[in-house]
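*Asks:* The structure file structure-v6.txt (compact mmCIF, N, CA, C and O atoms) is provided below.
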```txt
# COMPACT_ATOMS: atom_id res chain seq x y z
N MET A 9 11.70 -1.65 -0.71
CA MET A 9 11.34 -2.78 0.11
C MET A 9 11.72 -2.49 1.55
O MET A 9 12.81 -2.00 1.83
N GLY A 10 10.81 -2.75 2.47
CA GLY A 10 11.06 -2.54 3.88
C GLY A 10 10.60 -1.20 4.41
O GLY A 10 10.75 -0.92 5.60
N ASP A 11 10.00 -0.36 3.56
CA ASP A 11 9.53 0.95 4.01
C ASP A 11 8.21 0.81 4.77
O ASP A 11 7.34 0.03 4.40
N LEU A 12 8.08 1.59 5.84
CA LEU A 12 6.82 1.67 6.59
C LEU A 12 5.94 2.69 5.88
O LEU A 12 6.37 3.81 5.62
N VAL A 13 4.72 2.30 5.55
CA VAL A 13 3.83 3.18 4.79
C VAL A 13 2.46 3.29 5.45
O VAL A 13 2.04 2.42 6.22
N LYS A 14 1.79 4.40 5.14
CA LYS A 14 0.40 4.60 5.55
C LYS A 14 -0.45 4.36 4.31
O LYS A 14 -0.23 4.97 3.27
N ILE A 15 -1.43 3.46 4.43
CA ILE A 15 -2.27 3.06 3.31
C ILE A 15 -3.61 3.79 3.42
O ILE A 15 -4.30 3.68 4.43
N LYS A 16 -3.95 4.54 2.38
CA LYS A 16 -5.21 5.30 2.36
C LYS A 16 -6.30 4.45 1.70
O LYS A 16 -6.11 3.93 0.61
N ASN A 17 -7.43 4.30 2.39
CA ASN A 17 -8.58 3.54 1.88
C ASN A 17 -9.87 4.30 2.15
O ASN A 17 -9.91 5.19 3.00
N TYR A 18 -10.91 3.90 1.46
CA TYR A 18 -12.24 4.46 1.67
C TYR A 18 -13.21 3.32 1.92
O TYR A 18 -13.11 2.26 1.31
N ASN A 19 -14.18 3.54 2.82
CA ASN A 19 -15.21 2.52 3.02
C ASN A 19 -16.36 2.77 2.04
O ASN A 19 -16.30 3.68 1.21
N TYR A 20 -17.40 1.97 2.11
CA TYR A 20 -18.50 2.05 1.14
C TYR A 20 -19.26 3.37 1.20
O TYR A 20 -19.84 3.80 0.21
N SER A 21 -19.26 4.03 2.34
CA SER A 21 -19.95 5.32 2.44
C SER A 21 -19.05 6.48 2.03
O SER A 21 -19.47 7.63 2.08
N GLY A 22 -17.81 6.20 1.66
CA GLY A 22 -16.89 7.24 1.20
C GLY A 22 -16.02 7.84 2.28
O GLY A 22 -15.29 8.79 2.03
N LYS A 23 -16.08 7.31 3.49
CA LYS A 23 -15.27 7.82 4.59
C LYS A 23 -13.83 7.34 4.45
O LYS A 23 -13.57 6.16 4.24
N LEU A 24 -12.91 8.27 4.60
CA LEU A 24 -11.48 7.98 4.49
C LEU A 24 -10.97 7.36 5.79
O LEU A 24 -11.31 7.82 6.89
N TYR A 25 -10.15 6.32 5.67
CA TYR A 25 -9.48 5.74 6.83
C TYR A 25 -8.10 5.26 6.41
O TYR A 25 -7.82 5.10 5.23
N TYR A 26 -7.24 5.06 7.38
CA TYR A 26 -5.85 4.68 7.12
C TYR A 26 -5.49 3.39 7.84
O TYR A 26 -5.99 3.10 8.91
N HIS A 27 -4.59 2.63 7.22
CA HIS A 27 -3.95 1.47 7.83
C HIS A 27 -2.45 1.65 7.64
O HIS A 27 -2.02 2.43 6.79
N TYR A 28 -1.68 0.94 8.43
CA TYR A 28 -0.23 0.97 8.27
C TYR A 28 0.25 -0.38 7.77
O TYR A 28 -0.37 -1.41 8.03
N GLY A 29 1.37 -0.36 7.07
CA GLY A 29 1.91 -1.59 6.54
C GLY A 29 3.37 -1.41 6.16
O GLY A 29 3.95 -0.34 6.33
N ILE A 30 3.95 -2.47 5.66
CA ILE A 30 5.35 -2.45 5.27
C ILE A 30 5.46 -3.00 3.84
O ILE A 30 4.79 -3.96 3.49
N VAL A 31 6.27 -2.34 3.03
CA VAL A 31 6.45 -2.75 1.64
C VAL A 31 7.25 -4.05 1.62
O VAL A 31 8.32 -4.13 2.20
N VAL A 32 6.69 -5.07 0.95
CA VAL A 32 7.35 -6.37 0.92
C VAL A 32 7.84 -6.76 -0.47
O VAL A 32 8.38 -7.84 -0.66
N GLY A 33 7.65 -5.90 -1.43
CA GLY A 33 8.11 -6.21 -2.79
C GLY A 33 8.54 -4.96 -3.52
O GLY A 33 8.22 -3.84 -3.13
N ASN A 34 9.29 -5.14 -4.58
CA ASN A 34 9.72 -4.03 -5.41
C ASN A 34 8.58 -3.56 -6.31
O ASN A 34 7.68 -4.34 -6.62
N PRO A 35 8.61 -2.30 -6.75
CA PRO A 35 7.56 -1.82 -7.65
C PRO A 35 7.50 -2.67 -8.92
O PRO A 35 8.52 -3.07 -9.46
N GLU A 36 6.29 -2.96 -9.37
CA GLU A 36 6.08 -3.76 -10.56
C GLU A 36 5.13 -3.02 -11.49
O GLU A 36 4.31 -2.23 -11.05
N GLU A 37 5.26 -3.30 -12.76
CA GLU A 37 4.32 -2.75 -13.72
C GLU A 37 3.77 -3.92 -14.52
O GLU A 37 4.51 -4.70 -15.09
N CYS A 38 2.47 -4.03 -14.52
CA CYS A 38 1.80 -5.14 -15.20
C CYS A 38 1.05 -4.59 -16.41
O CYS A 38 0.35 -3.59 -16.31
N GLN A 39 1.20 -5.23 -17.54
CA GLN A 39 0.52 -4.77 -18.76
C GLN A 39 -1.00 -4.82 -18.60
O GLN A 39 -1.70 -3.98 -19.16
N ILE A 40 -1.49 -5.74 -17.84
CA ILE A 40 -2.94 -5.86 -17.66
C ILE A 40 -3.45 -4.71 -16.79
O ILE A 40 -4.50 -4.14 -17.08
N ASP A 41 -2.72 -4.36 -15.74
CA ASP A 41 -3.15 -3.29 -14.83
C ASP A 41 -2.84 -1.89 -15.34
O ASP A 41 -3.46 -0.93 -14.93
N LEU A 42 -1.84 -1.75 -16.19
CA LEU A 42 -1.41 -0.48 -16.76
C LEU A 42 -0.69 0.46 -15.80
O LEU A 42 -0.03 1.38 -16.23
N PHE A 43 -0.84 0.30 -14.51
CA PHE A 43 -0.23 1.20 -13.56
C PHE A 43 0.75 0.44 -12.66
O PHE A 43 0.51 -0.71 -12.32
N PRO A 44 1.82 1.10 -12.22
CA PRO A 44 2.76 0.44 -11.30
C PRO A 44 2.11 0.21 -9.93
O PRO A 44 1.24 0.98 -9.52
N PHE A 45 2.54 -0.82 -9.25
CA PHE A 45 2.04 -1.10 -7.92
C PHE A 45 3.14 -1.75 -7.08
O PHE A 45 4.14 -2.20 -7.62
N VAL A 46 2.94 -1.75 -5.76
CA VAL A 46 3.84 -2.45 -4.86
C VAL A 46 3.01 -3.36 -3.96
O VAL A 46 1.84 -3.08 -3.69
N ASN A 47 3.61 -4.43 -3.50
CA ASN A 47 2.96 -5.32 -2.55
C ASN A 47 3.28 -4.83 -1.14
O ASN A 47 4.43 -4.59 -0.80
N VAL A 48 2.22 -4.69 -0.34
CA VAL A 48 2.35 -4.17 1.02
C VAL A 48 1.70 -5.15 1.98
O VAL A 48 0.59 -5.62 1.73
N PHE A 49 2.39 -5.45 3.09
CA PHE A 49 1.79 -6.27 4.15
C PHE A 49 1.04 -5.32 5.07
O PHE A 49 1.64 -4.44 5.69
N ASN A 50 -0.28 -5.46 5.13
CA ASN A 50 -1.14 -4.61 5.94
C ASN A 50 -1.17 -5.15 7.37
O ASN A 50 -1.56 -6.29 7.59
N PHE A 51 -0.78 -4.32 8.35
CA PHE A 51 -0.73 -4.77 9.75
C PHE A 51 -2.13 -5.04 10.31
O PHE A 51 -2.30 -5.91 11.16
N SER A 52 -3.13 -4.29 9.87
CA SER A 52 -4.48 -4.45 10.41
C SER A 52 -5.14 -5.74 9.94
O SER A 52 -5.77 -6.44 10.72
N THR A 53 -5.01 -6.03 8.66
CA THR A 53 -5.66 -7.23 8.11
C THR A 53 -4.74 -8.45 8.12
O THR A 53 -5.19 -9.55 7.88
N ARG A 54 -3.46 -8.20 8.36
CA ARG A 54 -2.43 -9.25 8.36
C ARG A 54 -2.40 -10.01 7.03
O ARG A 54 -2.23 -11.23 7.00
N GLN A 55 -2.58 -9.25 5.94
CA GLN A 55 -2.53 -9.83 4.61
C GLN A 55 -1.70 -8.95 3.70
O GLN A 55 -1.61 -7.74 3.90
N GLU A 56 -1.14 -9.57 2.69
CA GLU A 56 -0.41 -8.83 1.67
C GLU A 56 -1.40 -8.33 0.63
O GLU A 56 -2.30 -9.06 0.24
N GLN A 57 -1.25 -7.07 0.23
CA GLN A 57 -2.15 -6.52 -0.76
C GLN A 57 -1.40 -5.68 -1.78
O GLN A 57 -0.32 -5.17 -1.50
N LYS A 58 -1.98 -5.56 -2.95
CA LYS A 58 -1.41 -4.76 -4.02
C LYS A 58 -1.87 -3.32 -3.83
O LYS A 58 -3.06 -3.06 -3.71
N CYS A 59 -0.92 -2.37 -3.78
CA CYS A 59 -1.26 -0.97 -3.57
C CYS A 59 -0.65 -0.11 -4.67
O CYS A 59 0.48 -0.32 -5.09
N TYR A 60 -1.42 0.86 -5.12
CA TYR A 60 -0.95 1.80 -6.12
C TYR A 60 -0.30 3.00 -5.43
O TYR A 60 -0.65 3.33 -4.29
N PRO A 61 0.64 3.67 -6.08
CA PRO A 61 1.38 4.77 -5.44
C PRO A 61 0.51 5.90 -4.88
O PRO A 61 0.86 6.50 -3.87
N ASN A 62 -0.64 6.18 -5.51
CA ASN A 62 -1.48 7.27 -5.02
C ASN A 62 -2.17 6.95 -3.69
O ASN A 62 -2.69 7.86 -3.05
N SER A 63 -2.15 5.70 -3.26
CA SER A 63 -2.78 5.33 -1.98
C SER A 63 -1.76 5.13 -0.86
O SER A 63 -2.14 4.73 0.23
N LEU A 64 -0.49 5.43 -1.12
CA LEU A 64 0.55 5.21 -0.11
C LEU A 64 1.25 6.51 0.27
O LEU A 64 1.46 7.38 -0.56
N GLU A 65 1.62 6.58 1.54
CA GLU A 65 2.45 7.67 2.04
C GLU A 65 3.57 7.04 2.86
O GLU A 65 3.31 6.26 3.78
N ILE A 66 4.81 7.37 2.54
CA ILE A 66 5.95 6.79 3.26
C ILE A 66 6.05 7.45 4.63
O ILE A 66 6.14 8.66 4.75
N VAL A 67 6.04 6.62 5.67
CA VAL A 67 6.17 7.10 7.05
C VAL A 67 7.63 7.05 7.47
O VAL A 67 8.17 7.99 8.05
N SER A 68 8.29 5.94 7.17
CA SER A 68 9.69 5.75 7.51
C SER A 68 10.36 4.93 6.42
O SER A 68 9.86 3.89 6.04
N ARG A 69 11.46 5.42 5.96
CA ARG A 69 12.16 4.78 4.86
C ARG A 69 13.29 3.89 5.38
O ARG A 69 14.00 4.26 6.32
N LEU A 70 13.45 2.72 4.78
CA LEU A 70 14.54 1.81 5.14
C LEU A 70 15.83 2.35 4.58
O LEU A 70 15.92 2.65 3.39
N THR A 71 16.82 2.54 5.43
CA THR A 71 18.14 2.99 4.97
C THR A 71 19.17 1.91 5.23
O THR A 71 19.14 1.24 6.26
N LEU A 72 20.05 1.74 4.30
CA LEU A 72 21.08 0.71 4.44
C LEU A 72 22.43 1.35 4.68
O LEU A 72 22.79 2.33 4.28
```
So, in terms of structure tokens, how does the structure I just supplied come out?
*Replies:*
Amino acid sequence: MGDLVKIKNYNYSGKLYYHYGIVVGNPEECQIDLFPFVNVFNFSTRQEQKCYPNSLEIVSRLTL
């Protein structure tokens, strides 16, 4: 929680683009989704979104 991440996305034509965000929740595993995910606040869209680990890259880690 609190890590700055780069979010990898693709548009409809398949072009890769990135957004930045901050992790706002702990990793969760849902039986319906089958895969672990984290909630990330996306700075570009100003919305919280569910992201899977393969679409995230840690830019800066929160240290206590």
*Asks:* When you look at range 14-24 of chain A with a cut-off of 10 Å (counting only C-alpha atoms), what residues show up, excluding the ones that are within fewer than 6 positions of it in the same chain? I need them as a PyMOL selection string.
*Replies:* chain A and resi 30+48+50+59-68
*Asks:* Identify, with DSSP run on backbone atoms, the residues in range 24-72 of chain A assigned to strand (DSSP E or B), and express the list as number ranges by chain.
*Replies:* A: 24-31, 36-37, 44-50, 55-59, 64-68
*Asks:* How would the residues just chosen look if you wrote them out with N, CA, C and O atoms as a short mmCIF file (atom, residue, chain, number, x, y, z; two decimals), in the frame of the given file?
*Replies:*
```cif
data_model
loop_
_atom_site.label_atom_id
_atom_site.label_comp_id
_atom_site.auth_asym_id
_atom_site.auth_seq_id
_atom_site.Cartn_x
_atom_site.Cartn_y
_atom_site.Cartn_z
N LEU A 24 -12.91 8.27 4.60
CA LEU A 24 -11.48 7.98 4.49
C LEU A 24 -10.97 7.36 5.79
O LEU A 24 -11.31 7.82 6.89
N TYR A 25 -10.15 6.32 5.67
CA TYR A 25 -9.48 5.74 6.83
C TYR A 25 -8.10 5.26 6.41
O TYR A 25 -7.82 5.10 5.23
N TYR A 26 -7.24 5.06 7.38
CA TYR A 26 -5.85 4.68 7.12
C TYR A 26 -5.49 3.39 7.84
O TYR A 26 -5.99 3.10 8.91
N HIS A 27 -4.59 2.63 7.22
CA HIS A 27 -3.95 1.47 7.83
C HIS A 27 -2.45 1.65 7.64
O HIS A 27 -2.02 2.43 6.79
N TYR A 28 -1.68 0.94 8.43
CA TYR A 28 -0.23 0.97 8.27
C TYR A 28 0.25 -0.38 7.77
O TYR A 28 -0.37 -1.41 8.03
N GLY A 29 1.37 -0.36 7.07
CA GLY A 29 1.91 -1.59 6.54
C GLY A 29 3.37 -1.41 6.16
O GLY A 29 3.95 -0.34 6.33
N ILE A 30 3.95 -2.47 5.66
CA ILE A 30 5.35 -2.45 5.27
C ILE A 30 5.46 -3.00 3.84
O ILE A 30 4.79 -3.96 3.49
N VAL A 31 6.27 -2.34 3.03
CA VAL A 31 6.45 -2.75 1.64
C VAL A 31 7.25 -4.05 1.62
O VAL A 31 8.32 -4.13 2.20
N GLU A 36 6.29 -2.96 -9.37
CA GLU A 36 6.08 -3.76 -10.56
C GLU A 36 5.13 -3.02 -11.49
O GLU A 36 4.31 -2.23 -11.05
N GLU A 37 5.26 -3.30 -12.76
CA GLU A 37 4.32 -2.75 -13.72
C GLU A 37 3.77 -3.92 -14.52
O GLU A 37 4.51 -4.70 -15.09
N PRO A 44 1.82 1.10 -12.22
CA PRO A 44 2.76 0.44 -11.30
C PRO A 44 2.11 0.21 -9.93
O PRO A 44 1.24 0.98 -9.52
N PHE A 45 2.54 -0.82 -9.25
CA PHE A 45 2.04 -1.10 -7.92
C PHE A 45 3.14 -1.75 -7.08
O PHE A 45 4.14 -2.20 -7.62
N VAL A 46 2.94 -1.75 -5.76
CA VAL A 46 3.84 -2.45 -4.86
C VAL A 46 3.01 -3.36 -3.96
O VAL A 46 1.84 -3.08 -3.69
N ASN A 47 3.61 -4.43 -3.50
CA ASN A 47 2.96 -5.32 -2.55
C ASN A 47 3.28 -4.83 -1.14
O ASN A 47 4.43 -4.59 -0.80
N VAL A 48 2.22 -4.69 -0.34
CA VAL A 48 2.35 -4.17 1.02
C VAL A 48 1.70 -5.15 1.98
O VAL A 48 0.59 -5.62 1.73
N PHE A 49 2.39 -5.45 3.09
CA PHE A 49 1.79 -6.27 4.15
C PHE A 49 1.04 -5.32 5.07
O PHE A 49 1.64 -4.44 5.69
N ASN A 50 -0.28 -5.46 5.13
CA ASN A 50 -1.14 -4.61 5.94
C ASN A 50 -1.17 -5.15 7.37
O ASN A 50 -1.56 -6.29 7.59
N GLN A 55 -2.58 -9.25 5.94
CA GLN A 55 -2.53 -9.83 4.61
C GLN A 55 -1.70 -8.95 3.70
O GLN A 55 -1.61 -7.74 3.90
N GLU A 56 -1.14 -9.57 2.69
CA GLU A 56 -0.41 -8.83 1.67
C GLU A 56 -1.40 -8.33 0.63
O GLU A 56 -2.30 -9.06 0.24
N GLN A 57 -1.25 -7.07 0.23
CA GLN A 57 -2.15 -6.52 -0.76
C GLN A 57 -1.40 -5.68 -1.78
O GLN A 57 -0.32 -5.17 -1.50
N LYS A 58 -1.98 -5.56 -2.95
CA LYS A 58 -1.41 -4.76 -4.02
C LYS A 58 -1.87 -3.32 -3.83
O LYS A 58 -3.06 -3.06 -3.71
N CYS A 59 -0.92 -2.37 -3.78
CA CYS A 59 -1.26 -0.97 -3.57
C CYS A 59 -0.65 -0.11 -4.67
O CYS A 59 0.48 -0.32 -5.09
N LEU A 64 -0.49 5.43 -1.12
CA LEU A 64 0.55 5.21 -0.11
C LEU A 64 1.25 6.51 0.27
O LEU A 64 1.46 7.38 -0.56
N GLU A 65 1.62 6.58 1.54
CA GLU A 65 2.45 7.67 2.04
C GLU A 65 3.57 7.04 2.86
O GLU A 65 3.31 6.26 3.78
N ILE A 66 4.81 7.37 2.54
CA ILE A 66 5.95 6.79 3.26
C ILE A 66 6.05 7.45 4.63
O ILE A 66 6.14 8.66 4.75
N VAL A 67 6.04 6.62 5.67
CA VAL A 67 6.17 7.10 7.05
C VAL A 67 7.63 7.05 7.47
O VAL A 67 8.17 7.99 8.05
N SER A 68 8.29 5.94 7.17
CA SER A 68 9.69 5.75 7.51
C SER A 68 10.36 4.93 6.42
O SER A 68 9.86 3.89 6.04
#
```
*Asks:* Hey, can you check how far CA of Tyr26 in chain A sits from CA of Ile40 in chain A?
*Replies:*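 A separation of 27.1 Å between them.
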*Asks:* What is the distance between CA of Thr71 in chain A and CA of His27 in chain A, in Å to one decimal?
*Replies:*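 Atom-to-atom, CA of Thr71 in chain A to CA of His27 in chain A, that is 22.3 Å.
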*Asks:* What box, with edges along x, y and z, holds each listed atom of range 40-59 of chain A when 6 Å is added on every side, and can you state its centre and edge lengths in Å to one decimal, as lines of an AutoDock Vina configuration file?
*Replies:*
```
center_x = -0.7
center_y = -4.9
center_z = -3.3
size_x = 22.2
size_y = 24.6
size_z = 41.0
```
*Asks:* Provide the atom C of Val13 in chain A to atom N of Tyr28 in chain A distance in Å, to one decimal place.
*Replies:* 5.6 Å
*Asks:* Identify which of the residues A:Tyr25, A:Met9, A:Leu72, A:Val32 lies closest to Phe49 in chain A, counting all atoms listed in the file when measuring atom-to-atom distances.
*Replies:* A:Val32
*Asks:* Please determine, counting all atoms listed in the file, which residue among A:Thr53, A:Lys58, A:Arg69, A:Asp11 has the shortest atom-to-atom distance to Val31 in chain A.
*Replies:*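 Closest candidate: A:Asp11.
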